[in-house]
Amino acid sequence: DNDTQTAIGVIGDTTVKITIGQSYLTKNDEVKELDSPAFLTSGRTYVPARAIAESFDCTVDWNNDTKTVTIKSK
C-alpha cells in the first residue's frame with residue numbers, strides 16, 4: 001500500500017502487514033515486535049526475512065558454516 005508505506009502478504013487465512021520504519025508487524029490482528037524495521041532503498045522494500053517467514057508458520061534455520069538461511073514451510 002503505497003499511501004501508508006505498508007507491505008502486505010497473504011497466504012491462506014494469514015495476513016501479514018509491515019510498515020516502513022515501524023518496529024512491529026501485524027499477523028492478522030496480533031502485533032509482533034521486530035528486531036529491525038522494514039526500510040526502503042533505491043525503490044525497493046526490505047523486510048526482516050525471519051519475522052516474515054515465522055509469521056507464515058515457516059521454520060527458519062541458520063547454517064553458520066556456510067552462512068546460509070533455510071526457510072521451510074511446515
# chains A, B, ... in the order shown; residues from 1 in each chain; ligands from 1

$ residues_around --residues "Ala49 of chain A" --least-positions-apart "6" --cutoff "12 Å" --atoms "only C-alpha atoms" --output "PyMOL selection string"
chain A and resi 18+34-38+55-56+58-62+69-71

$ write_last_selection --atoms "N, CA and C atoms" --output "PDB file, in the first residue's frame"
ATOM      1  N   ILE A  18       3.493  -5.106   7.288  1.00  0.00           N
ATOM      2  CA  ILE A  18       4.680  -4.490   7.869  1.00  0.00           C
ATOM      3  C   ILE A  18       4.851  -3.114   7.232  1.00  0.00           C
ATOM      4  N   LEU A  34       9.643  -6.455  16.188  1.00  0.00           N
ATOM      5  CA  LEU A  34      10.694  -6.788  15.235  1.00  0.00           C
ATOM      6  C   LEU A  34      12.068  -6.450  15.797  1.00  0.00           C
ATOM      7  N   ASP A  35      13.082  -7.204  15.378  1.00  0.00           N
ATOM      8  CA  ASP A  35      14.469  -6.874  15.724  1.00  0.00           C
ATOM      9  C   ASP A  35      14.932  -5.661  14.937  1.00  0.00           C
ATOM     10  N   SER A  36      14.425  -5.542  13.706  1.00  0.00           N
ATOM     11  CA  SER A  36      14.763  -4.393  12.864  1.00  0.00           C
ATOM     12  C   SER A  36      13.567  -4.080  11.976  1.00  0.00           C
ATOM     13  N   PRO A  37      13.351  -2.810  11.686  1.00  0.00           N
ATOM     14  CA  PRO A  37      12.188  -2.418  10.888  1.00  0.00           C
ATOM     15  C   PRO A  37      12.411  -2.649   9.401  1.00  0.00           C
ATOM     16  N   ALA A  38      11.323  -2.659   8.647  1.00  0.00           N
ATOM     17  CA  ALA A  38      11.406  -2.666   7.182  1.00  0.00           C
ATOM     18  C   ALA A  38      11.918  -1.292   6.746  1.00  0.00           C
ATOM     19  N   SER A  55       6.044 -15.603  10.699  1.00  0.00           N
ATOM     20  CA  SER A  55       4.648 -15.166  10.743  1.00  0.00           C
ATOM     21  C   SER A  55       3.763 -16.053   9.879  1.00  0.00           C
ATOM     22  N   PHE A  56       4.359 -16.635   8.841  1.00  0.00           N
ATOM     23  CA  PHE A  56       3.630 -17.570   7.989  1.00  0.00           C
ATOM     24  C   PHE A  56       3.877 -19.021   8.407  1.00  0.00           C
ATOM     25  N   CYS A  58       6.549 -20.740   9.016  1.00  0.00           N
ATOM     26  CA  CYS A  58       7.674 -21.460   8.420  1.00  0.00           C
ATOM     27  C   CYS A  58       8.761 -21.641   9.479  1.00  0.00           C
ATOM     28  N   THR A  59       9.616 -22.628   9.266  1.00  0.00           N
ATOM     29  CA  THR A  59      10.783 -22.777  10.126  1.00  0.00           C
ATOM     30  C   THR A  59      11.965 -22.093   9.446  1.00  0.00           C
ATOM     31  N   VAL A  60      12.807 -21.486  10.256  1.00  0.00           N
ATOM     32  CA  VAL A  60      13.969 -20.768   9.747  1.00  0.00           C
ATOM     33  C   VAL A  60      15.198 -21.332  10.439  1.00  0.00           C
ATOM     34  N   ASP A  61      16.165 -21.772   9.634  1.00  0.00           N
ATOM     35  CA  ASP A  61      17.408 -22.314  10.173  1.00  0.00           C
ATOM     36  C   ASP A  61      18.592 -21.542   9.614  1.00  0.00           C
ATOM     37  N   TRP A  62      19.620 -21.401  10.451  1.00  0.00           N
ATOM     38  CA  TRP A  62      20.845 -20.714  10.059  1.00  0.00           C
ATOM     39  C   TRP A  62      21.997 -21.706  10.124  1.00  0.00           C
ATOM     40  N   VAL A  69      20.790 -19.251   5.114  1.00  0.00           N
ATOM     41  CA  VAL A  69      19.480 -19.317   5.755  1.00  0.00           C
ATOM     42  C   VAL A  69      18.620 -20.289   4.959  1.00  0.00           C
ATOM     43  N   THR A  70      17.917 -21.168   5.669  1.00  0.00           N
ATOM     44  CA  THR A  70      16.962 -22.077   5.034  1.00  0.00           C
ATOM     45  C   THR A  70      15.594 -21.813   5.626  1.00  0.00           C
ATOM     46  N   ILE A  71      14.621 -21.553   4.752  1.00  0.00           N
ATOM     47  CA  ILE A  71      13.244 -21.312   5.183  1.00  0.00           C
ATOM     48  C   ILE A  71      12.393 -22.431   4.590  1.00  0.00           C
TER      49      ILE A  71
END

$ select_by_dssp --residues "chain A" --states "alpha helix (DSSP H)" --output "PyMOL selection string"
chain A and resi 49-55

$ write_last_selection --atoms "all heavy atoms" --output "short mmCIF file (atom, residue, chain, number, x, y, z; two decimals), in the first residue's frame"
data_model
loop_
_atom_site.label_atom_id
_atom_site.label_comp_id
_atom_site.auth_asym_id
_atom_site.auth_seq_id
_atom_site.Cartn_x
_atom_site.Cartn_y
_atom_site.Cartn_z
N ALA A 49 13.51 -11.08 7.05
CA ALA A 49 13.06 -12.37 6.50
C ALA A 49 12.57 -13.33 7.57
O ALA A 49 11.55 -13.99 7.40
CB ALA A 49 14.18 -13.01 5.69
N ARG A 50 13.31 -13.43 8.68
CA ARG A 50 12.89 -14.37 9.73
C ARG A 50 11.50 -14.02 10.26
O ARG A 50 10.64 -14.89 10.42
CB ARG A 50 13.89 -14.40 10.88
CG ARG A 50 13.45 -15.31 12.03
CD ARG A 50 14.45 -15.36 13.18
NE ARG A 50 15.67 -16.04 12.82
CZ ARG A 50 15.84 -17.36 12.87
NH1 ARG A 50 14.84 -18.15 13.25
NH2 ARG A 50 17.00 -17.89 12.55
N ALA A 51 11.26 -12.76 10.54
CA ALA A 51 9.97 -12.34 11.10
C ALA A 51 8.83 -12.65 10.13
O ALA A 51 7.77 -13.13 10.54
CB ALA A 51 9.99 -10.86 11.44
N ILE A 52 9.05 -12.37 8.85
CA ILE A 52 8.00 -12.65 7.85
C ILE A 52 7.79 -14.15 7.73
O ILE A 52 6.65 -14.63 7.78
CB ILE A 52 8.39 -12.05 6.48
CG1 ILE A 52 8.54 -10.53 6.57
CG2 ILE A 52 7.38 -12.46 5.41
CD1 ILE A 52 7.27 -9.78 6.92
N ALA A 53 8.86 -14.92 7.60
CA ALA A 53 8.74 -16.37 7.44
C ALA A 53 8.05 -17.01 8.65
O ALA A 53 7.13 -17.83 8.49
CB ALA A 53 10.12 -16.99 7.24
N GLU A 54 8.47 -16.64 9.85
CA GLU A 54 7.85 -17.21 11.04
C GLU A 54 6.40 -16.78 11.20
O GLU A 54 5.58 -17.53 11.73
CB GLU A 54 8.67 -16.85 12.28
CG GLU A 54 10.00 -17.59 12.33
CD GLU A 54 10.88 -17.23 13.50
OE1 GLU A 54 10.60 -16.22 14.18
OE2 GLU A 54 11.87 -17.96 13.72
N SER A 55 6.04 -15.60 10.70
CA SER A 55 4.65 -15.17 10.74
C SER A 55 3.76 -16.05 9.88
O SER A 55 2.57 -16.20 10.15
CB SER A 55 4.53 -13.71 10.29
OG SER A 55 5.12 -12.86 11.24
#

$ closest_residue --among "A:Asn28, A:Gln22, A:Ser42, A:Ser73" --to "Gly9 of chain A" --atoms "only C-alpha atoms"
A:Asn28

$ residues_around --residues "Asp3 of chain A" --least-positions-apart "4" --cutoff "12 Å" --atoms "only C-alpha atoms" --output "list in words"
Ala7, Thr19 and Ile20 of chain A

$ select_by_dssp --residues "chain A" --states "strand (DSSP E or B)" --output "MDAnalysis selection string"
chainID A and resid 6:11 14:19 24:27 30:33 39:41 44:46 58:63 68:73

$ write_last_selection --atoms "C-alpha atoms" --output "CSV table (one decimal), in the first residue's frame"
chain,number,residue,atom,x,y,z
A,6,THR,CA,2.8,-0.9,4.2
A,7,ALA,CA,3.8,-4.2,2.6
A,8,ILE,CA,1.0,-6.8,2.8
A,9,GLY,CA,1.4,-10.6,2.4
A,10,VAL,CA,-1.4,-13.1,2.4
A,11,ILE,CA,-1.2,-16.9,2.4
A,14,THR,CA,-2.9,-15.4,7.3
A,15,THR,CA,-2.4,-11.7,6.5
A,16,VAL,CA,0.9,-10.1,7.5
A,17,LYS,CA,1.4,-6.3,7.3
A,18,ILE,CA,4.7,-4.5,7.9
A,19,THR,CA,5.1,-0.7,7.6
A,24,TYR,CA,6.5,-4.2,14.7
A,25,LEU,CA,4.4,-6.2,12.2
A,26,THR,CA,0.8,-7.5,12.4
A,27,LYS,CA,-0.2,-11.1,11.8
A,30,GLU,CA,-1.7,-9.8,16.5
A,31,VAL,CA,1.2,-7.4,16.9
A,32,LYS,CA,4.7,-8.8,16.9
A,33,GLU,CA,7.8,-6.9,17.8
A,39,PHE,CA,13.1,0.0,5.1
A,40,LEU,CA,13.2,1.4,1.5
A,41,THR,CA,16.4,1.7,-0.5
A,44,ARG,CA,12.9,-1.5,-3.0
A,45,THR,CA,11.3,-2.6,0.2
A,46,TYR,CA,13.5,-4.7,2.6
A,58,CYS,CA,7.7,-21.5,8.4
A,59,THR,CA,10.8,-22.8,10.1
A,60,VAL,CA,14.0,-20.8,9.7
A,61,ASP,CA,17.4,-22.3,10.2
A,62,TRP,CA,20.8,-20.7,10.1
A,63,ASN,CA,23.9,-22.7,9.0
A,68,THR,CA,23.1,-19.9,4.7
A,69,VAL,CA,19.5,-19.3,5.8
A,70,THR,CA,17.0,-22.1,5.0
A,71,ILE,CA,13.2,-21.3,5.2
A,72,LYS,CA,10.8,-24.2,5.0
A,73,SER,CA,7.0,-24.3,5.1

$ decode --residues "segment 22-34 of chain A" --atoms "all heavy atoms" --output "PDB file, in the first residue's frame"
ATOM      1  N   GLN A  22       8.521   1.012  11.066  1.00  0.00           N
ATOM      2  CA  GLN A  22       7.891   0.596  12.326  1.00  0.00           C
ATOM      3  C   GLN A  22       8.650  -0.575  12.939  1.00  0.00           C
ATOM      4  O   GLN A  22       9.220  -1.398  12.225  1.00  0.00           O
ATOM      5  CB  GLN A  22       6.432   0.192  12.098  1.00  0.00           C
ATOM      6  CG  GLN A  22       5.554   1.324  11.618  1.00  0.00           C
ATOM      7  CD  GLN A  22       5.458   2.446  12.639  1.00  0.00           C
ATOM      8  OE1 GLN A  22       5.345   2.220  13.835  1.00  0.00           O
ATOM      9  NE2 GLN A  22       5.507   3.669  12.150  1.00  0.00           N
ATOM     10  N   SER A  23       8.623  -0.697  14.250  1.00  0.00           N
ATOM     11  CA  SER A  23       9.349  -1.757  14.946  1.00  0.00           C
ATOM     12  C   SER A  23       8.452  -2.957  15.262  1.00  0.00           C
ATOM     13  O   SER A  23       8.741  -3.726  16.174  1.00  0.00           O
ATOM     14  CB  SER A  23       9.966  -1.213  16.236  1.00  0.00           C
ATOM     15  OG  SER A  23       8.936  -0.724  17.077  1.00  0.00           O
ATOM     16  N   TYR A  24       7.371  -3.104  14.502  1.00  0.00           N
ATOM     17  CA  TYR A  24       6.456  -4.230  14.691  1.00  0.00           C
ATOM     18  C   TYR A  24       5.807  -4.584  13.356  1.00  0.00           C
ATOM     19  O   TYR A  24       5.839  -3.824  12.397  1.00  0.00           O
ATOM     20  CB  TYR A  24       5.375  -3.889  15.725  1.00  0.00           C
ATOM     21  CG  TYR A  24       4.487  -2.753  15.278  1.00  0.00           C
ATOM     22  CD1 TYR A  24       3.325  -3.003  14.552  1.00  0.00           C
ATOM     23  CD2 TYR A  24       4.809  -1.434  15.562  1.00  0.00           C
ATOM     24  CE1 TYR A  24       2.524  -1.951  14.115  1.00  0.00           C
ATOM     25  CE2 TYR A  24       4.019  -0.392  15.140  1.00  0.00           C
ATOM     26  CZ  TYR A  24       2.867  -0.668  14.414  1.00  0.00           C
ATOM     27  OH  TYR A  24       2.084   0.374  13.977  1.00  0.00           O
ATOM     28  N   LEU A  25       5.217  -5.771  13.306  1.00  0.00           N
ATOM     29  CA  LEU A  25       4.369  -6.174  12.191  1.00  0.00           C
ATOM     30  C   LEU A  25       3.072  -6.699  12.782  1.00  0.00           C
ATOM     31  O   LEU A  25       2.995  -6.933  13.987  1.00  0.00           O
ATOM     32  CB  LEU A  25       5.056  -7.218  11.292  1.00  0.00           C
ATOM     33  CG  LEU A  25       5.427  -8.591  11.844  1.00  0.00           C
ATOM     34  CD1 LEU A  25       4.226  -9.509  12.062  1.00  0.00           C
ATOM     35  CD2 LEU A  25       6.381  -9.278  10.888  1.00  0.00           C
ATOM     36  N   THR A  26       2.073  -6.871  11.950  1.00  0.00           N
ATOM     37  CA  THR A  26       0.843  -7.498  12.423  1.00  0.00           C
ATOM     38  C   THR A  26       0.595  -8.765  11.631  1.00  0.00           C
ATOM     39  O   THR A  26       0.787  -8.809  10.421  1.00  0.00           O
ATOM     40  CB  THR A  26      -0.392  -6.579  12.319  1.00  0.00           C
ATOM     41  OG1 THR A  26      -0.570  -6.188  10.957  1.00  0.00           O
ATOM     42  CG2 THR A  26      -0.255  -5.352  13.192  1.00  0.00           C
ATOM     43  N   LYS A  27       0.241  -9.814  12.358  1.00  0.00           N
ATOM     44  CA  LYS A  27      -0.171 -11.088  11.774  1.00  0.00           C
ATOM     45  C   LYS A  27      -1.640 -11.218  12.134  1.00  0.00           C
ATOM     46  O   LYS A  27      -1.976 -11.370  13.307  1.00  0.00           O
ATOM     47  CB  LYS A  27       0.627 -12.240  12.357  1.00  0.00           C
ATOM     48  CG  LYS A  27       0.149 -13.598  11.889  1.00  0.00           C
ATOM     49  CD  LYS A  27       0.912 -14.722  12.546  1.00  0.00           C
ATOM     50  CE  LYS A  27       0.350 -16.062  12.129  1.00  0.00           C
ATOM     51  NZ  LYS A  27       1.055 -17.164  12.811  1.00  0.00           N
ATOM     52  N   ASN A  28      -2.496 -11.082  11.124  1.00  0.00           N
ATOM     53  CA  ASN A  28      -3.927 -10.952  11.352  1.00  0.00           C
ATOM     54  C   ASN A  28      -4.106  -9.770  12.306  1.00  0.00           C
ATOM     55  O   ASN A  28      -3.748  -8.668  11.954  1.00  0.00           O
ATOM     56  CB  ASN A  28      -4.548 -12.271  11.772  1.00  0.00           C
ATOM     57  CG  ASN A  28      -4.405 -13.339  10.680  1.00  0.00           C
ATOM     58  OD1 ASN A  28      -4.380 -13.031   9.491  1.00  0.00           O
ATOM     59  ND2 ASN A  28      -4.285 -14.579  11.076  1.00  0.00           N
ATOM     60  N   ASP A  29      -4.580  -9.952  13.505  1.00  0.00           N
ATOM     61  CA  ASP A  29      -4.734  -8.808  14.420  1.00  0.00           C
ATOM     62  C   ASP A  29      -3.695  -8.805  15.539  1.00  0.00           C
ATOM     63  O   ASP A  29      -3.765  -7.988  16.449  1.00  0.00           O
ATOM     64  CB  ASP A  29      -6.141  -8.805  15.024  1.00  0.00           C
ATOM     65  CG  ASP A  29      -7.202  -8.505  13.982  1.00  0.00           C
ATOM     66  OD1 ASP A  29      -6.934  -7.692  13.085  1.00  0.00           O
ATOM     67  OD2 ASP A  29      -8.296  -9.094  14.057  1.00  0.00           O
ATOM     68  N   GLU A  30      -2.730  -9.716  15.481  1.00  0.00           N
ATOM     69  CA  GLU A  30      -1.717  -9.846  16.528  1.00  0.00           C
ATOM     70  C   GLU A  30      -0.482  -9.010  16.178  1.00  0.00           C
ATOM     71  O   GLU A  30       0.052  -9.091  15.077  1.00  0.00           O
ATOM     72  CB  GLU A  30      -1.315 -11.317  16.649  1.00  0.00           C
ATOM     73  CG  GLU A  30      -0.285 -11.605  17.688  1.00  0.00           C
ATOM     74  CD  GLU A  30       0.121 -13.079  17.682  1.00  0.00           C
ATOM     75  OE1 GLU A  30      -0.486 -13.895  16.978  1.00  0.00           O
ATOM     76  OE2 GLU A  30       1.094 -13.384  18.407  1.00  0.00           O
ATOM     77  N   VAL A  31      -0.006  -8.221  17.132  1.00  0.00           N
ATOM     78  CA  VAL A  31       1.178  -7.386  16.931  1.00  0.00           C
ATOM     79  C   VAL A  31       2.412  -8.153  17.392  1.00  0.00           C
ATOM     80  O   VAL A  31       2.422  -8.732  18.477  1.00  0.00           O
ATOM     81  CB  VAL A  31       1.058  -6.063  17.723  1.00  0.00           C
ATOM     82  CG1 VAL A  31       2.327  -5.249  17.623  1.00  0.00           C
ATOM     83  CG2 VAL A  31      -0.135  -5.267  17.221  1.00  0.00           C
ATOM     84  N   LYS A  32       3.458  -8.156  16.544  1.00  0.00           N
ATOM     85  CA  LYS A  32       4.711  -8.825  16.880  1.00  0.00           C
ATOM     86  C   LYS A  32       5.848  -7.826  16.752  1.00  0.00           C
ATOM     87  O   LYS A  32       5.957  -7.132  15.750  1.00  0.00           O
ATOM     88  CB  LYS A  32       4.958 -10.004  15.937  1.00  0.00           C
ATOM     89  CG  LYS A  32       3.926 -11.092  16.055  1.00  0.00           C
ATOM     90  CD  LYS A  32       4.240 -12.220  15.105  1.00  0.00           C
ATOM     91  CE  LYS A  32       3.351 -13.392  15.401  1.00  0.00           C
ATOM     92  NZ  LYS A  32       4.082 -14.533  15.925  1.00  0.00           N
ATOM     93  N   GLU A  33       6.697  -7.768  17.785  1.00  0.00           N
ATOM     94  CA  GLU A  33       7.849  -6.870  17.773  1.00  0.00           C
ATOM     95  C   GLU A  33       8.900  -7.382  16.785  1.00  0.00           C
ATOM     96  O   GLU A  33       9.045  -8.583  16.595  1.00  0.00           O
ATOM     97  CB  GLU A  33       8.458  -6.772  19.162  1.00  0.00           C
ATOM     98  CG  GLU A  33       7.558  -6.109  20.179  1.00  0.00           C
ATOM     99  CD  GLU A  33       7.272  -4.651  19.867  1.00  0.00           C
ATOM    100  OE1 GLU A  33       8.206  -3.939  19.459  1.00  0.00           O
ATOM    101  OE2 GLU A  33       6.123  -4.240  20.037  1.00  0.00           O
ATOM    102  N   LEU A  34       9.643  -6.455  16.188  1.00  0.00           N
ATOM    103  CA  LEU A  34      10.694  -6.788  15.235  1.00  0.00           C
ATOM    104  C   LEU A  34      12.068  -6.450  15.797  1.00  0.00           C
ATOM    105  O   LEU A  34      12.208  -5.495  16.564  1.00  0.00           O
ATOM    106  CB  LEU A  34      10.505  -5.999  13.932  1.00  0.00           C
ATOM    107  CG  LEU A  34       9.220  -6.246  13.154  1.00  0.00           C
ATOM    108  CD1 LEU A  34       9.113  -5.252  12.009  1.00  0.00           C
ATOM    109  CD2 LEU A  34       9.196  -7.675  12.636  1.00  0.00           C
TER     110      LEU A  34
END
